[in-house]
Amino acid sequence: RLFVFRMSSSLSLDEWAVLLSQTLEPNTEVVTRAVARLDTAVGHPSSVAALLTVIKAHPRVEIKHSASLMIRKRLMGHWIKLDMPLQEDIKNSMVAIVAATETPSPLRRACQDVLITVARLTVPFHQWPELLPIVLQWSQSPNPDVRESAFATFAKLAEHIGDILRPQFAMLQAIIIRGLTDESPKVRMASLKTLSPLIGWLSTPDEINLFAAMIPQIIEVLRYCVTQELEEEVVSAFEEFDRMLESPVGVISKCLPNIVAFALDVGGSPSLPLTLRQATLSFVANVAATRPKAIVKNNFVERILQVLFPMAAEPPGEDDERGDPDLSDGQLFATQLIDSLGVSLPTSKFFPLVMQRVAQYAASHNHLERKAAIATLTVIAEGCAELMKDHLDKVLPYVLTGIADPQRSVREASCIAIGQFADQLQPDIAEHSEQILPYIFRALNDPAEQVVSKACYSLEAYVQLMDVEAFAPFLDQVITRIVHIMQSGSLLAQELAISAVAASATSAGPLFAPYFPAIHTMMLAAMQSEARDHMLIRARAVECEGIMATAVGSAAFAPCVRDLMAAAVKGLEIGHSELNEHTYGCFAHLAEVFGEHFAEFLPVIVPKILSSCNTNDGIVEHPSASSVAHSEGLAVKGEEEDDEATQNLSIRTSFLDEKSAAVMALGQLALFTKKAFLPYVTESVQMLRLLVKYFHEDVRAASVLSLAYFAISIDDAHPRAQPWKKGDFSPLMAETRLYLDTIMPDFVIKVLERDESKEACISSCDAIGNLCKTMGPVAIQPYMGRIGPALLKLLQQKAECQITHDSDDEGDEEEEGDEDQELELFDSVTDCLIEIAIVFGPSFAPYFDAVLPSLIRYTRLSNHHSYRSVAIGALAEFVGAMALTLSTAHVSKLYPLATKAMTDEDSTMQRAGAYLLGLLMSYGPPDQMASLYQPALSALHPLLNTEQEDLVLDNACSTVCKMILVGYKALPVSTILPILLPLLPLRDFEENEPVYHALLLLLRPEHLATFGSHLPGIISVLLRALVQPQMKQQLQDHITLALRTLFHQYASQMEQLLQILSQEEKD
């Protein structure tokens, strides 16, 4: 090995001492100069001897401490370059300093770290056999600081070289047991912390049993600590238990029931400090998350709820600083844990027991218990959504009664519950509008402003679920009350009321038009305020304007657009991030409504949007921690340089939201104004090519999508001679292809392949799908060699964004564990593939074969039904998009998936299975499919009844008709029709088309003799079809012609038939 030495700085011992002293000065310039010289000096191995001398001889402890930290930083790189006597001197000096009674604690810990570094370099090579006996001696020292160092050293050695300690495990167990009962609290804590690193090295049953035997003793020690109010020890112990829980070695398994029981005893004691109770109950929640079967098997669910429900109703303590007599830290913690348990534990075991407690607490005379009941229903709506949807008739009365409760806090909680139900329990919750909305109106008239604000939130969340017909009867009442709140409510109530108006406009659509002029006037007035505390109201007002424009359309909004734009642009001059964010969103809505007619505003707004894309005003640099690091000897460059020396930044979330909104607005302006945006594309692309590599995922995600939207603007400016068709790979114009060649390989596809953010990859999928829909298959065809494998990797969960990366950033870890985002990513990947399949047509076949095995794996019962239904739906869409006769091998794989899905308890699975079966019948090999007709009809029969959900019933009926279309001769049509006809017409018009075509087939003259007895039913269905507003003209013409032919050719029979038709059908 070749070593390259730098020249020594030849510092004298006095110079070393002076420089080390200067790193402790408060003057940054002095520190910087000193560190620069030390950086050079410590690069030479001779620095180790000098620093050791400082440690041993300098009178100032802080200088010794800095030298110890610095020597540790460089020792890994210099050790093998040191001569043997110096190595021995380092060992002996560190041992002596750690063992000395008079050594100050900071210096002892620093030298202990040096010793551990030396141990890592020597013990594995049998070059320091004396170390373990020395540390064992320390554990018996009369000095508690030395005993603490012994256990800390054992823990660090176990962490780094635990395998070498395995022969000593029995001895270590005895030492740890002694440490657990030590009279010194810090020794007990240090001994406890040796367990986790040692457990990582256990492998044999004897080793595991050896350490498992200590758990009961640890629990007894902790019981004593609780009685003595030694909170820190108990909290530390449960932190260690949490680490053991994560270990693949089952040390904790046998004793888990005892630990959980103890944790619940502590957590259920209101007299103990809240932090202590939180530590123990958090452990219980972790057990539920990682080992839910253990919780259920040991009957802990009921016991956990016995602890958490009273905690959720605890009044604030003396140290609670919230100032709300009805809200405490204990309440918040308990409801958070109930939320976690609802997600972790089997719903069938959890939900019934929760509802028993809810019933008890909802009827309590204690309003905090009534509030706890409502809060519990609110938080379990996520994890127990399916069962709650099935039992809404039992759940809703508790919440609606709560809105009428005499206590304000209960009414507030009930309004929040409605909002959460709207988010988590859709679509079922939307069916209860007649029951829910009157109570929301009651809350909107509540005398307490806090309740009114929460009612506005619940109204906003709920009305977004309602379709126009359901919402229309309530619209006037909603607007009347909301307008009153906007005029007289608190600032928060006004802000939420404006959001509720926007949601109402979304649900009402064109029906909102009569209310628009008055609301617009109010919003415009709100947008004039320049008071800082009105900025959020102003932001909501401009957001509402954009949404109202979408609802009422360009004709109704056109007279107002100039006044609005003037106020919106003026607002951008204030420099308020939230206001800017919502203003850019408004611009996007207006561009969507007015299309190319919005182009006149581009010269004014695009520069301002680009300015927000470019600004870093929301990033604040703080003084570097380097001065502190230098003072501790941590800023020395080397093999193990710590992160403390890096620059510290704080970033306003609102700044990132503004930047993301600005980036997205650029893309949407390009998408909707089309070629009118062309003059701004070059500058926008230059900006977004930088932002697609931005540190924050939201900005990267928006950048990828907008880069794709620019392609649409360019394509519109350079149109092809003929519009593209499915399967059409005729070339794009040169300008469009040149742009795509610029952005696709290096940006859009690279994000898909390499970005660690799921959100960015979702945007990349959306970008590719949008290009397909708008520009046809040729837009992406040259890049499929990379797009196809990248999408396949995502399906296989092997992409960069799906791999856990070691990081100290908790936010990243949270994202990586976010199951909802993983499902969203899977949904986006399949949607992208479906869009590709639709435009590629039969040319998609090779890609279908490539992704088929991965999608089939998602249909396994071990996966959540959301994944399974998306996978089966995607397979069906692929089959329909290719419109290609499938192979027998394809059918053999797909048919069992379809029929199995139709027997699933989940309605989305049933719907997807029936849809896939119908397409298999349409495109499968005729002989093979004919052999499956009878089992297919048997599988469909349970779905052909009015008790099924509409969408399930529609798909099942459509599938039967698809079978008739391709194989009526082999089917018992006369037996099928009496079951089928009463269920028609369907609610989903897309599924109605094959129904009508099948019925028209049966009306052909050659079939009348066979199916004539069903003629009244068939004609009744077709007559009702003619009045459906979604009916395509061509199909309507076919039906009309067929009916006229029948009435012409069989006048007398048709006259008799008219007598049994309803008046509506006759008309």
# chains A, B, ... in the order shown; residues from 1 in each chain; ligands from 1

$ closest_atom_pairs --of "segment 336-406 of chain A" --to "segment 309-319 of chain A" --cutoff "9 Å" --atoms "only C-alpha atoms" --output "JSON lines"
{"residue": "A:Ile338", "atom": "CA", "partner": "A:Phe309", "partner_atom": "CA", "distance": 8.8}
{"residue": "A:Arg357", "atom": "CA", "partner": "A:Phe309", "partner_atom": "CA", "distance": 7.6}
{"residue": "A:Val358", "atom": "CA", "partner": "A:Phe309", "partner_atom": "CA", "distance": 8.8}
{"residue": "A:Tyr361", "atom": "CA", "partner": "A:Phe309", "partner_atom": "CA", "distance": 8.5}
{"residue": "A:Asn366", "atom": "CA", "partner": "A:Ala313", "partner_atom": "CA", "distance": 8.8}
{"residue": "A:His367", "atom": "CA", "partner": "A:Ala313", "partner_atom": "CA", "distance": 8.6}
{"residue": "A:Leu368", "atom": "CA", "partner": "A:Ala313", "partner_atom": "CA", "distance": 5.0}
{"residue": "A:Glu369", "atom": "CA", "partner": "A:Ala313", "partner_atom": "CA", "distance": 5.1}
{"residue": "A:Arg370", "atom": "CA", "partner": "A:Ala313", "partner_atom": "CA", "distance": 8.3}
{"residue": "A:Lys371", "atom": "CA", "partner": "A:Ala313", "partner_atom": "CA", "distance": 7.4}
{"residue": "A:Ala372", "atom": "CA", "partner": "A:Ala312", "partner_atom": "CA", "distance": 5.5}
{"residue": "A:Ala373", "atom": "CA", "partner": "A:Phe309", "partner_atom": "CA", "distance": 8.1}
{"residue": "A:Ala375", "atom": "CA", "partner": "A:Ala312", "partner_atom": "CA", "distance": 8.4}
{"residue": "A:Thr376", "atom": "CA", "partner": "A:Ala312", "partner_atom": "CA", "distance": 8.4}

$ write_last_selection --atoms "N, CA, C and O atoms" --output "PDB file, in the first residue's frame"
ATOM      1  N   ILE A 338     -54.937   5.589  19.859  1.00  0.00           N
ATOM      2  CA  ILE A 338     -56.119   4.869  19.371  1.00  0.00           C
ATOM      3  C   ILE A 338     -56.128   4.875  17.848  1.00  0.00           C
ATOM      4  O   ILE A 338     -56.454   3.863  17.204  1.00  0.00           O
ATOM      5  N   ARG A 357     -67.025   0.907  24.203  1.00  0.00           N
ATOM      6  CA  ARG A 357     -66.543   2.023  25.020  1.00  0.00           C
ATOM      7  C   ARG A 357     -67.174   3.343  24.563  1.00  0.00           C
ATOM      8  O   ARG A 357     -67.506   4.200  25.375  1.00  0.00           O
ATOM      9  N   VAL A 358     -67.290   3.507  23.258  1.00  0.00           N
ATOM     10  CA  VAL A 358     -67.894   4.728  22.728  1.00  0.00           C
ATOM     11  C   VAL A 358     -69.327   4.871  23.242  1.00  0.00           C
ATOM     12  O   VAL A 358     -69.744   5.959  23.671  1.00  0.00           O
ATOM     13  N   TYR A 361     -69.138   5.951  26.915  1.00  0.00           N
ATOM     14  CA  TYR A 361     -68.653   7.310  27.123  1.00  0.00           C
ATOM     15  C   TYR A 361     -69.602   8.347  26.518  1.00  0.00           C
ATOM     16  O   TYR A 361     -69.736   9.448  27.053  1.00  0.00           O
ATOM     17  N   ASN A 366     -70.147  13.189  32.210  1.00  0.00           N
ATOM     18  CA  ASN A 366     -68.890  13.938  32.116  1.00  0.00           C
ATOM     19  C   ASN A 366     -68.661  14.344  30.659  1.00  0.00           C
ATOM     20  O   ASN A 366     -68.491  13.495  29.788  1.00  0.00           O
ATOM     21  N   HIS A 367     -68.657  15.633  30.382  1.00  0.00           N
ATOM     22  CA  HIS A 367     -68.553  16.072  28.991  1.00  0.00           C
ATOM     23  C   HIS A 367     -67.208  15.710  28.371  1.00  0.00           C
ATOM     24  O   HIS A 367     -67.112  15.532  27.152  1.00  0.00           O
ATOM     25  N   LEU A 368     -66.165  15.561  29.192  1.00  0.00           N
ATOM     26  CA  LEU A 368     -64.876  15.154  28.637  1.00  0.00           C
ATOM     27  C   LEU A 368     -64.929  13.711  28.136  1.00  0.00           C
ATOM     28  O   LEU A 368     -64.260  13.359  27.160  1.00  0.00           O
ATOM     29  N   GLU A 369     -65.716  12.886  28.789  1.00  0.00           N
ATOM     30  CA  GLU A 369     -65.888  11.519  28.307  1.00  0.00           C
ATOM     31  C   GLU A 369     -66.718  11.495  27.030  1.00  0.00           C
ATOM     32  O   GLU A 369     -66.430  10.724  26.101  1.00  0.00           O
ATOM     33  N   ARG A 370     -67.728  12.348  26.947  1.00  0.00           N
ATOM     34  CA  ARG A 370     -68.510  12.420  25.703  1.00  0.00           C
ATOM     35  C   ARG A 370     -67.622  12.898  24.550  1.00  0.00           C
ATOM     36  O   ARG A 370     -67.687  12.387  23.433  1.00  0.00           O
ATOM     37  N   LYS A 371     -66.784  13.870  24.842  1.00  0.00           N
ATOM     38  CA  LYS A 371     -65.860  14.366  23.825  1.00  0.00           C
ATOM     39  C   LYS A 371     -64.881  13.266  23.414  1.00  0.00           C
ATOM     40  O   LYS A 371     -64.555  13.105  22.226  1.00  0.00           O
ATOM     41  N   ALA A 372     -64.404  12.485  24.391  1.00  0.00           N
ATOM     42  CA  ALA A 372     -63.476  11.389  24.086  1.00  0.00           C
ATOM     43  C   ALA A 372     -64.121  10.366  23.163  1.00  0.00           C
ATOM     44  O   ALA A 372     -63.467   9.812  22.270  1.00  0.00           O
ATOM     45  N   ALA A 373     -65.401  10.094  23.359  1.00  0.00           N
ATOM     46  CA  ALA A 373     -66.113   9.148  22.490  1.00  0.00           C
ATOM     47  C   ALA A 373     -66.112   9.644  21.050  1.00  0.00           C
ATOM     48  O   ALA A 373     -65.835   8.886  20.106  1.00  0.00           O
ATOM     49  N   ALA A 375     -64.053  11.930  19.711  1.00  0.00           N
ATOM     50  CA  ALA A 375     -62.676  11.990  19.212  1.00  0.00           C
ATOM     51  C   ALA A 375     -62.189  10.613  18.783  1.00  0.00           C
ATOM     52  O   ALA A 375     -61.458  10.473  17.791  1.00  0.00           O
ATOM     53  N   THR A 376     -62.609   9.586  19.506  1.00  0.00           N
ATOM     54  CA  THR A 376     -62.223   8.226  19.149  1.00  0.00           C
ATOM     55  C   THR A 376     -62.811   7.824  17.799  1.00  0.00           C
ATOM     56  O   THR A 376     -62.115   7.271  16.943  1.00  0.00           O
TER      57      THR A 376
END

$ atom_distance --atom1 "atom CA of Gln1030 of chain A" --atom2 "atom CA of Leu999 of chain A"
18.1 Å

$ residues_around --residues "Gly489 of chain A" --least-positions-apart "4" --cutoff "9 Å" --atoms "only C-alpha atoms" --output "list in words"
Glu449, Val452, Ser453, His484, Ile485, Ala493, Gln494 and Ala497 of chain A

$ write_last_selection --atoms "C-alpha atoms" --output "PDB file, in the first residue's frame"
ATOM      1  CA  GLU A 449     -67.201  30.960  17.144  1.00  0.00           C
ATOM      2  CA  VAL A 452     -68.844  27.749  13.698  1.00  0.00           C
ATOM      3  CA  SER A 453     -65.262  27.478  12.396  1.00  0.00           C
ATOM      4  CA  HIS A 484     -73.511  35.678   6.948  1.00  0.00           C
ATOM      5  CA  ILE A 485     -70.399  34.087   8.473  1.00  0.00           C
ATOM      6  CA  ALA A 493     -64.375  31.474  10.563  1.00  0.00           C
ATOM      7  CA  GLN A 494     -64.310  33.785   7.538  1.00  0.00           C
ATOM      8  CA  ALA A 497     -66.339  29.915   5.246  1.00  0.00           C
TER       9      ALA A 497
END

$ atom_distance --atom1 "atom CA of Met1054 of chain A" --atom2 "atom CA of His1007 of chain A"
16.4 Å

$ atom_distance --atom1 "atom CA of Glu824 of chain A" --atom2 "atom CA of Lys693 of chain A"
22.1 Å

$ residues_around --residues "Val221 of chain A" --least-positions-apart "5" --cutoff "12 Å" --atoms "only C-alpha atoms" --output "list in words"
Ile177, Arg178, Gly179, Leu180, Thr181, Asp182, Glu183, Pro185, Arg188, Met189, Leu192, Met214, Ile215, Pro216, Val226, Thr227, Gln228, Leu230, Glu233, Val234, Ala237 and Phe262 of chain A

$ residues_around --residues "Pro1005 of chain A" --least-positions-apart "5" --cutoff "12 Å" --atoms "only C-alpha atoms" --output "list in words"
Leu1000, Thr1010, Phe1011, Gly1012, Leu1015, Ala1042, Leu1043, Thr1045, Leu1046, Gln1049 and Tyr1050 of chain A

$ write_last_selection --atoms "N, CA and C atoms" --output "mmCIF file, in the first residue's frame"
data_model
loop_
_atom_site.group_PDB
_atom_site.id
_atom_site.type_symbol
_atom_site.label_atom_id
_atom_site.label_comp_id
_atom_site.auth_asym_id
_atom_site.auth_seq_id
_atom_site.Cartn_x
_atom_site.Cartn_y
_atom_site.Cartn_z
ATOM 1 N N LEU A 1000 -80.237 -5.520 -29.307
ATOM 2 C CA LEU A 1000 -80.500 -5.306 -30.735
ATOM 3 C C LEU A 1000 -80.215 -6.571 -31.539
ATOM 4 N N THR A 1010 -87.174 -17.341 -31.572
ATOM 5 C CA THR A 1010 -86.569 -17.940 -30.377
ATOM 6 C C THR A 1010 -86.812 -17.089 -29.140
ATOM 7 N N PHE A 1011 -86.681 -15.753 -29.310
ATOM 8 C CA PHE A 1011 -86.713 -14.887 -28.132
ATOM 9 C C PHE A 1011 -87.953 -13.983 -28.101
ATOM 10 N N GLY A 1012 -88.940 -14.294 -28.942
ATOM 11 C CA GLY A 1012 -90.119 -13.438 -29.040
ATOM 12 C C GLY A 1012 -90.859 -13.265 -27.738
ATOM 13 N N LEU A 1015 -89.947 -10.225 -25.885
ATOM 14 C CA LEU A 1015 -89.981 -8.980 -26.636
ATOM 15 C C LEU A 1015 -90.469 -7.782 -25.804
ATOM 16 N N ALA A 1042 -84.335 -0.026 -35.387
ATOM 17 C CA ALA A 1042 -84.784 -1.382 -35.060
ATOM 18 C C ALA A 1042 -86.222 -1.382 -34.572
ATOM 19 N N LEU A 1043 -86.564 -0.429 -33.711
ATOM 20 C CA LEU A 1043 -87.921 -0.375 -33.188
ATOM 21 C C LEU A 1043 -88.920 -0.019 -34.300
ATOM 22 N N THR A 1045 -88.622 -0.664 -37.434
ATOM 23 C CA THR A 1045 -88.744 -1.848 -38.300
ATOM 24 C C THR A 1045 -89.715 -2.841 -37.679
ATOM 25 N N LEU A 1046 -89.574 -3.055 -36.386
ATOM 26 C CA LEU A 1046 -90.476 -3.988 -35.707
ATOM 27 C C LEU A 1046 -91.921 -3.518 -35.803
ATOM 28 N N GLN A 1049 -93.123 -4.001 -39.431
ATOM 29 C CA GLN A 1049 -93.294 -5.371 -39.918
ATOM 30 C C GLN A 1049 -94.301 -6.157 -39.090
ATOM 31 N N TYR A 1050 -94.428 -5.805 -37.835
ATOM 32 C CA TYR A 1050 -95.303 -6.583 -36.956
ATOM 33 C C TYR A 1050 -96.272 -5.620 -36.256
#

$ residues_around --residues "segment 433-435 of chain A" --least-positions-apart "5" --cutoff "12 Å" --atoms "only C-alpha atoms" --output "ChimeraX atom specification"
/A:392-393,396-397,399-401,418,422,426-428,440-441,459,462-467,469-474

$ residues_around --residues "Asp827 of chain A" --least-positions-apart "4" --cutoff "8 Å" --atoms "only C-alpha atoms" --output "JSON, numbers by chain"
{"A": [823, 831, 870]}

$ write_last_selection --atoms "all heavy atoms" --output "PDB file, in the first residue's frame"
ATOM      1  N   LEU A 823     -49.417   3.117  -2.325  1.00  0.00           N
ATOM      2  CA  LEU A 823     -50.610   2.766  -3.104  1.00  0.00           C
ATOM      3  C   LEU A 823     -50.861   3.800  -4.196  1.00  0.00           C
ATOM      4  O   LEU A 823     -51.217   3.448  -5.332  1.00  0.00           O
ATOM      5  CB  LEU A 823     -51.827   2.665  -2.187  1.00  0.00           C
ATOM      6  CG  LEU A 823     -53.172   2.388  -2.865  1.00  0.00           C
ATOM      7  CD1 LEU A 823     -53.127   1.110  -3.680  1.00  0.00           C
ATOM      8  CD2 LEU A 823     -54.285   2.326  -1.824  1.00  0.00           C
ATOM      9  N   ASP A 831     -52.003   3.446 -14.057  1.00  0.00           N
ATOM     10  CA  ASP A 831     -52.695   4.406 -14.927  1.00  0.00           C
ATOM     11  C   ASP A 831     -51.821   4.784 -16.118  1.00  0.00           C
ATOM     12  O   ASP A 831     -52.311   4.909 -17.252  1.00  0.00           O
ATOM     13  CB  ASP A 831     -53.055   5.669 -14.135  1.00  0.00           C
ATOM     14  CG  ASP A 831     -54.289   5.483 -13.273  1.00  0.00           C
ATOM     15  OD1 ASP A 831     -54.997   4.475 -13.466  1.00  0.00           O
ATOM     16  OD2 ASP A 831     -54.548   6.331 -12.409  1.00  0.00           O
ATOM     17  N   VAL A 870     -56.986  -2.622  -8.041  1.00  0.00           N
ATOM     18  CA  VAL A 870     -56.301  -1.812  -9.055  1.00  0.00           C
ATOM     19  C   VAL A 870     -55.597  -2.715 -10.064  1.00  0.00           C
ATOM     20  O   VAL A 870     -55.640  -2.472 -11.280  1.00  0.00           O
ATOM     21  CB  VAL A 870     -55.292  -0.845  -8.400  1.00  0.00           C
ATOM     22  CG1 VAL A 870     -54.394  -0.196  -9.454  1.00  0.00           C
ATOM     23  CG2 VAL A 870     -56.027   0.224  -7.600  1.00  0.00           C
TER      24      VAL A 870
END

$ decode --residues "segment 272-290 of chain A" --atoms "N, CA, C and O atoms" --output "mmCIF file, in the first residue's frame"
data_model
loop_
_atom_site.group_PDB
_atom_site.id
_atom_site.type_symbol
_atom_site.label_atom_id
_atom_site.label_comp_id
_atom_site.auth_asym_id
_atom_site.auth_seq_id
_atom_site.Cartn_x
_atom_site.Cartn_y
_atom_site.Cartn_z
ATOM 1 N N LEU A 272 -48.883 9.315 37.724
ATOM 2 C CA LEU A 272 -47.499 9.329 37.255
ATOM 3 C C LEU A 272 -47.296 10.419 36.210
ATOM 4 O O LEU A 272 -48.254 10.847 35.554
ATOM 5 N N PRO A 273 -46.043 10.863 36.032
ATOM 6 C CA PRO A 273 -45.783 11.903 35.018
ATOM 7 C C PRO A 273 -46.224 11.452 33.628
ATOM 8 O O PRO A 273 -46.060 10.284 33.254
ATOM 9 N N LEU A 274 -46.746 12.392 32.872
ATOM 10 C CA LEU A 274 -47.265 12.062 31.545
ATOM 11 C C LEU A 274 -46.164 11.533 30.625
ATOM 12 O O LEU A 274 -46.405 10.608 29.847
ATOM 13 N N THR A 275 -44.967 12.093 30.714
ATOM 14 C CA THR A 275 -43.887 11.634 29.844
ATOM 15 C C THR A 275 -43.560 10.166 30.094
ATOM 16 O O THR A 275 -43.251 9.423 29.154
ATOM 17 N N LEU A 276 -43.641 9.756 31.341
ATOM 18 C CA LEU A 276 -43.398 8.350 31.677
ATOM 19 C C LEU A 276 -44.493 7.470 31.094
ATOM 20 O O LEU A 276 -44.224 6.427 30.480
ATOM 21 N N ARG A 277 -45.719 7.870 31.252
ATOM 22 C CA ARG A 277 -46.842 7.095 30.719
ATOM 23 C C ARG A 277 -46.781 7.034 29.190
ATOM 24 O O ARG A 277 -47.069 5.998 28.586
ATOM 25 N N GLN A 278 -46.402 8.134 28.582
ATOM 26 C CA GLN A 278 -46.292 8.156 27.124
ATOM 27 C C GLN A 278 -45.236 7.174 26.630
ATOM 28 O O GLN A 278 -45.435 6.499 25.613
ATOM 29 N N ALA A 279 -44.119 7.091 27.341
ATOM 30 C CA ALA A 279 -43.053 6.177 26.917
ATOM 31 C C ALA A 279 -43.516 4.732 26.950
ATOM 32 O O ALA A 279 -43.265 3.959 26.014
ATOM 33 N N THR A 280 -44.214 4.354 28.014
ATOM 34 C CA THR A 280 -44.647 2.958 28.122
ATOM 35 C C THR A 280 -45.764 2.641 27.128
ATOM 36 O O THR A 280 -45.764 1.575 26.511
ATOM 37 N N LEU A 281 -46.697 3.570 26.953
ATOM 38 C CA LEU A 281 -47.803 3.304 26.037
ATOM 39 C C LEU A 281 -47.354 3.367 24.576
ATOM 40 O O LEU A 281 -47.928 2.676 23.722
ATOM 41 N N SER A 282 -46.345 4.170 24.288
ATOM 42 C CA SER A 282 -45.795 4.172 22.933
ATOM 43 C C SER A 282 -45.198 2.812 22.604
ATOM 44 O O SER A 282 -45.296 2.334 21.464
ATOM 45 N N PHE A 283 -44.600 2.185 23.593
ATOM 46 C CA PHE A 283 -44.080 0.835 23.380
ATOM 47 C C PHE A 283 -45.223 -0.122 23.042
ATOM 48 O O PHE A 283 -45.106 -0.952 22.136
ATOM 49 N N VAL A 284 -46.325 -0.013 23.749
ATOM 50 C CA VAL A 284 -47.487 -0.868 23.474
ATOM 51 C C VAL A 284 -47.961 -0.647 22.034
ATOM 52 O O VAL A 284 -48.283 -1.605 21.319
ATOM 53 N N ALA A 285 -47.987 0.609 21.619
ATOM 54 C CA ALA A 285 -48.407 0.902 20.249
ATOM 55 C C ALA A 285 -47.438 0.294 19.240
ATOM 56 O O ALA A 285 -47.859 -0.207 18.182
ATOM 57 N N ASN A 286 -46.150 0.307 19.550
ATOM 58 C CA ASN A 286 -45.165 -0.308 18.659
ATOM 59 C C ASN A 286 -45.345 -1.818 18.588
ATOM 60 O O ASN A 286 -45.174 -2.426 17.524
ATOM 61 N N VAL A 287 -45.683 -2.429 19.711
ATOM 62 C CA VAL A 287 -45.968 -3.872 19.708
ATOM 63 C C VAL A 287 -47.165 -4.152 18.810
ATOM 64 O O VAL A 287 -47.163 -5.091 18.002
ATOM 65 N N ALA A 288 -48.196 -3.318 18.932
ATOM 66 C CA ALA A 288 -49.388 -3.509 18.105
ATOM 67 C C ALA A 288 -49.061 -3.356 16.621
ATOM 68 O O ALA A 288 -49.611 -4.068 15.778
ATOM 69 N N ALA A 289 -48.161 -2.428 16.309
ATOM 70 C CA ALA A 289 -47.816 -2.189 14.910
ATOM 71 C C ALA A 289 -46.966 -3.304 14.331
ATOM 72 O O ALA A 289 -47.113 -3.661 13.161
ATOM 73 N N THR A 290 -46.059 -3.867 15.142
ATOM 74 C CA THR A 290 -45.124 -4.879 14.631
ATOM 75 C C THR A 290 -45.579 -6.305 14.914
ATOM 76 O O THR A 290 -45.250 -7.217 14.159
#
